[in-house]
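Asks: Here's a structure for you.
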Amino acid sequence: MTCTYHGSSVGLISGNHSAGSPPAGIDGAGRQKPELVAPGEFTSFSTPVVSACAALLYQFSNELPYSLNTNRRTGVAIKSALFAGASHGSAWSNGTPTSGTSRGIAPSPIDPIVGFGTVNVDRAHRVLSSDEVTGQATLAAAVTAAPVAAIGWDYEVVASTTYERHYTLNITSVSDLSVALTWNRAPTSTSLAAGGGATPVYNLDLKLRRVQSGQAVEMTGSAGTSWFADGNVVSASTAGNLEHLWVEDLVPGTYVISISRATLGAPSSASVISWIVDPGSAVVGDLNGDAVVDGADLGLLLSSWGGTGVADLTGDGTVDGADLGLLLSAWS
């Protein structure tokens, strides 16, 4: 049961539990377990905590007015909300490079020990109690579309052919962003008779782009240093049925979250994307990281004048008067 596709495996906040890929002989090698952690002396104590959180979410989803949307109480929606709402600890990492051409590209979606992090039913409830939205069918449409809310979700049945969805976000202050995407495996009667492993699991990729001059531009590598401090803007695991974006200190601007189908031919099934935007920890204008905006930061900005980099506070690609205005408005 702990290695199922549709379920969620639970570990301890301390990390003192079994973790890693499902063992040999179990379908779906390469997936990461557990997906969540919770308080408890043993996993048999922490698992009911997550179960109780899921039960609470299911209960409220069956009460008016939330019950009017039946997508809200599906297992995949509750799971996605729990994943997106999980709290990352200070040591949380999915191994994303912090420099070089691979900056922002996660080698795996979640932390190898604690998964998405510690279950947080309040944050999950904030996600699932928000209105469901509908993503744009093309990236071009998303660039000019009205932004979705800072907290939201979308239930979609992924077709067995080409599939993509895009969600426009407007970030108004330096913020952290958590996005979780999960989908169901859809075994056929043939695959079930063969032991459950015959049906391929389709592969979805998750990406965050910045909208600049009417175009959606990539944020990986050095291009993203002006727009986010840490985390991953690409989640493209080829194993399992989940993807995750965790972006720290995302600067104000317009962004697009994109889902794309990387493999074709597998049966269609349900998927849910959830996201939550939180105020970040960075101080706007604090270029040297000492939590104070002063002459040292002004000197760094002036030395970068006309160029780009961390002094590009507006994220428009050039250090100029607009960035100077933001720095001076935050002067300590």
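Naming works like this for the structure tokens: A, B, ... for the chains as they're shown, residue 1 at the start of each chain, ligands 1 onward in shown order.
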If you run DSSP over the backbone, which residues in region 54-230 of chain A end up alpha helix (DSSP H)? Put them as a ChimeraX atom specification.

Replies: /A:54-61,75-85,121-128,139-144,189-193

Asks: Name the residues of region 83-319 of chain A that come out as strand (DSSP E) in a backbone DSSP run; write them as JSON, numbers by chain.

Replies: {"A": [105, 106, 151, 152, 153, 154, 155, 156, 157, 158, 164, 165, 166, 167, 168, 169, 170, 171, 175, 176, 177, 178, 179, 180, 181, 182, 183, 204, 205, 206, 207, 208, 209, 210, 211, 212, 215, 216, 217, 230, 231, 232, 234, 235, 242, 243, 244, 245, 246, 247, 248, 249, 250, 253, 254, 255, 256, 257, 258, 259, 260, 261, 269, 270, 271, 272, 273, 274, 275, 276, 277, 278, 279]}

Asks: Give me the region 242-293 of chain A side of the contact with region 166-189 of chain A, cut-off 7 Å, one line per residue showing its nearest atom pair and distance in Å at one decimal, counting only C-alpha atoms, sorted by chain and residue number, as CSV.

Replies:
```
residue,atom,partner,partner_atom,distance
A:Leu242,CA,A:Thr182,CA,4.3
A:Glu243,CA,A:Leu181,CA,5.1
A:His244,CA,A:Ala180,CA,4.7
A:Leu245,CA,A:Val179,CA,5.0
A:Trp246,CA,A:Ser178,CA,4.8
A:Val247,CA,A:Leu177,CA,5.1
A:Glu248,CA,A:Asp176,CA,4.5
A:Asp249,CA,A:Ser175,CA,4.9
A:Leu250,CA,A:Ser175,CA,5.1
A:Val251,CA,A:Val174,CA,4.6
A:Pro252,CA,A:Ile171,CA,4.7
A:Gly253,CA,A:Ile171,CA,5.2
A:Thr254,CA,A:Asn170,CA,4.6
A:Tyr255,CA,A:Leu169,CA,5.1
A:Val256,CA,A:Thr168,CA,4.5
A:Ile257,CA,A:Tyr167,CA,5.1
A:Ser258,CA,A:His166,CA,4.4
A:Ile259,CA,A:His166,CA,6.3
A:Pro267,CA,A:Ala186,CA,6.1
A:Ser268,CA,A:Ala186,CA,6.9
A:Ser269,CA,A:Ala186,CA,5.9
A:Ala270,CA,A:Asn184,CA,5.7
A:Ser271,CA,A:Trp183,CA,4.0
A:Val272,CA,A:Thr182,CA,5.8
A:Ile273,CA,A:Leu181,CA,4.3
A:Ser274,CA,A:Ala180,CA,5.3
A:Trp275,CA,A:Val179,CA,4.3
A:Ile276,CA,A:Ser178,CA,5.5
A:Val277,CA,A:Leu177,CA,4.7
A:Asp278,CA,A:Asp176,CA,5.1
A:Pro279,CA,A:Ser175,CA,4.3
A:Gly280,CA,A:Ser175,CA,3.9
A:Ala282,CA,A:Val174,CA,6.8
```

Asks: Could you write out the selected residues, including C-alpha atoms, as a PDB file, in the first residue's frame?

Replies:
```pdb
ATOM      1  CA  LEU A 242       3.587  13.946  -9.620  1.00  0.00           C
ATOM      2  CA  GLU A 243       5.516  17.152 -10.335  1.00  0.00           C
ATOM      3  CA  HIS A 244       6.381  20.066  -8.051  1.00  0.00           C
ATOM      4  CA  LEU A 245       7.603  23.643  -8.395  1.00  0.00           C
ATOM      5  CA  TRP A 246       9.050  25.364  -5.340  1.00  0.00           C
ATOM      6  CA  VAL A 247      10.262  28.902  -6.085  1.00  0.00           C
ATOM      7  CA  GLU A 248      11.650  31.222  -3.421  1.00  0.00           C
ATOM      8  CA  ASP A 249      11.600  35.026  -3.521  1.00  0.00           C
ATOM      9  CA  LEU A 250       9.909  35.418  -6.870  1.00  0.00           C
ATOM     10  CA  VAL A 251      10.044  39.106  -7.848  1.00  0.00           C
ATOM     11  CA  PRO A 252       6.922  41.049  -8.875  1.00  0.00           C
ATOM     12  CA  GLY A 253       5.742  40.528 -12.413  1.00  0.00           C
ATOM     13  CA  THR A 254       3.610  38.289 -14.600  1.00  0.00           C
ATOM     14  CA  TYR A 255       4.326  34.566 -14.866  1.00  0.00           C
ATOM     15  CA  VAL A 256       2.797  31.521 -16.546  1.00  0.00           C
ATOM     16  CA  ILE A 257       2.584  28.050 -14.998  1.00  0.00           C
ATOM     17  CA  SER A 258       2.530  25.484 -17.795  1.00  0.00           C
ATOM     18  CA  ILE A 259       1.612  21.800 -17.977  1.00  0.00           C
ATOM     19  CA  PRO A 267      -5.104   6.122 -21.311  1.00  0.00           C
ATOM     20  CA  SER A 268      -6.608   9.456 -20.321  1.00  0.00           C
ATOM     21  CA  SER A 269      -7.304  10.112 -16.638  1.00  0.00           C
ATOM     22  CA  ALA A 270      -7.879  12.815 -14.044  1.00  0.00           C
ATOM     23  CA  SER A 271      -5.241  15.323 -12.958  1.00  0.00           C
ATOM     24  CA  VAL A 272      -5.222  18.299 -10.580  1.00  0.00           C
ATOM     25  CA  ILE A 273      -2.824  21.208 -10.349  1.00  0.00           C
ATOM     26  CA  SER A 274      -2.797  23.308  -7.162  1.00  0.00           C
ATOM     27  CA  TRP A 275      -0.784  26.384  -6.255  1.00  0.00           C
ATOM     28  CA  ILE A 276      -0.308  28.785  -3.378  1.00  0.00           C
ATOM     29  CA  VAL A 277       1.598  32.082  -3.307  1.00  0.00           C
ATOM     30  CA  ASP A 278       3.077  33.252   0.010  1.00  0.00           C
ATOM     31  CA  PRO A 279       4.974  36.405   0.961  1.00  0.00           C
ATOM     32  CA  GLY A 280       8.680  35.702   0.535  1.00  0.00           C
ATOM     33  CA  ALA A 282      13.564  38.641   0.828  1.00  0.00           C
TER      34      ALA A 282
END
```

Asks: Excluding same-chain residues fewer than 4 positions from Ser90 (chain A), what lies within 12 Å of it counting only C-alpha atoms, as a short mmCIF file (atom, residue, chain, number, x, y, z; two decimals) with C-alpha atoms, in the first residue's frame?

Replies:
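selection-v2.cif, written as the output of this step:
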```cif
data_model
loop_
_atom_site.label_atom_id
_atom_site.label_comp_id
_atom_site.auth_asym_id
_atom_site.auth_seq_id
_atom_site.Cartn_x
_atom_site.Cartn_y
_atom_site.Cartn_z
CA ASP A 111 12.84 16.00 -1.23
CA VAL A 114 10.36 14.26 3.45
CA GLY A 117 7.17 18.42 3.34
CA THR A 118 5.08 18.52 6.51
CA GLU A 248 11.65 31.22 -3.42
#
```

Asks: For CA of Ser160 (chain A) and CA of Tyr202 (chain A), determine how far apart the two atoms are, in Å to one decimal place.

Replies: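 Result for CA of Ser160 (chain A) versus CA of Tyr202 (chain A): 8.5 Å, one decimal.
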
Asks: Could you pull the residues within 7 Å of region 34-39 of chain A, counting only C-alpha atoms, minus those fewer than 4 positions along the same chain, as a list in words?

Replies: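 Residues near the query, excluding close chain neighbours: Ser8, Ser9, Val10, Gly11, Leu12, Ile13, Ala19, Ser46, Val49, Val50, Val114, Gly115, Phe116, Gly117, Thr118 and Val119 of chain A.
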
Asks: Neighbours of Asn203 (chain A) within 8 Å (only C-alpha atoms; same-chain residues fewer than 6 positions away dropped), as a list in words?

Replies: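 Residues near the query, excluding close chain neighbours: Ser237, Thr238, Ala239, Asn241, Arg261, Ala262 and Thr263 of chain A.
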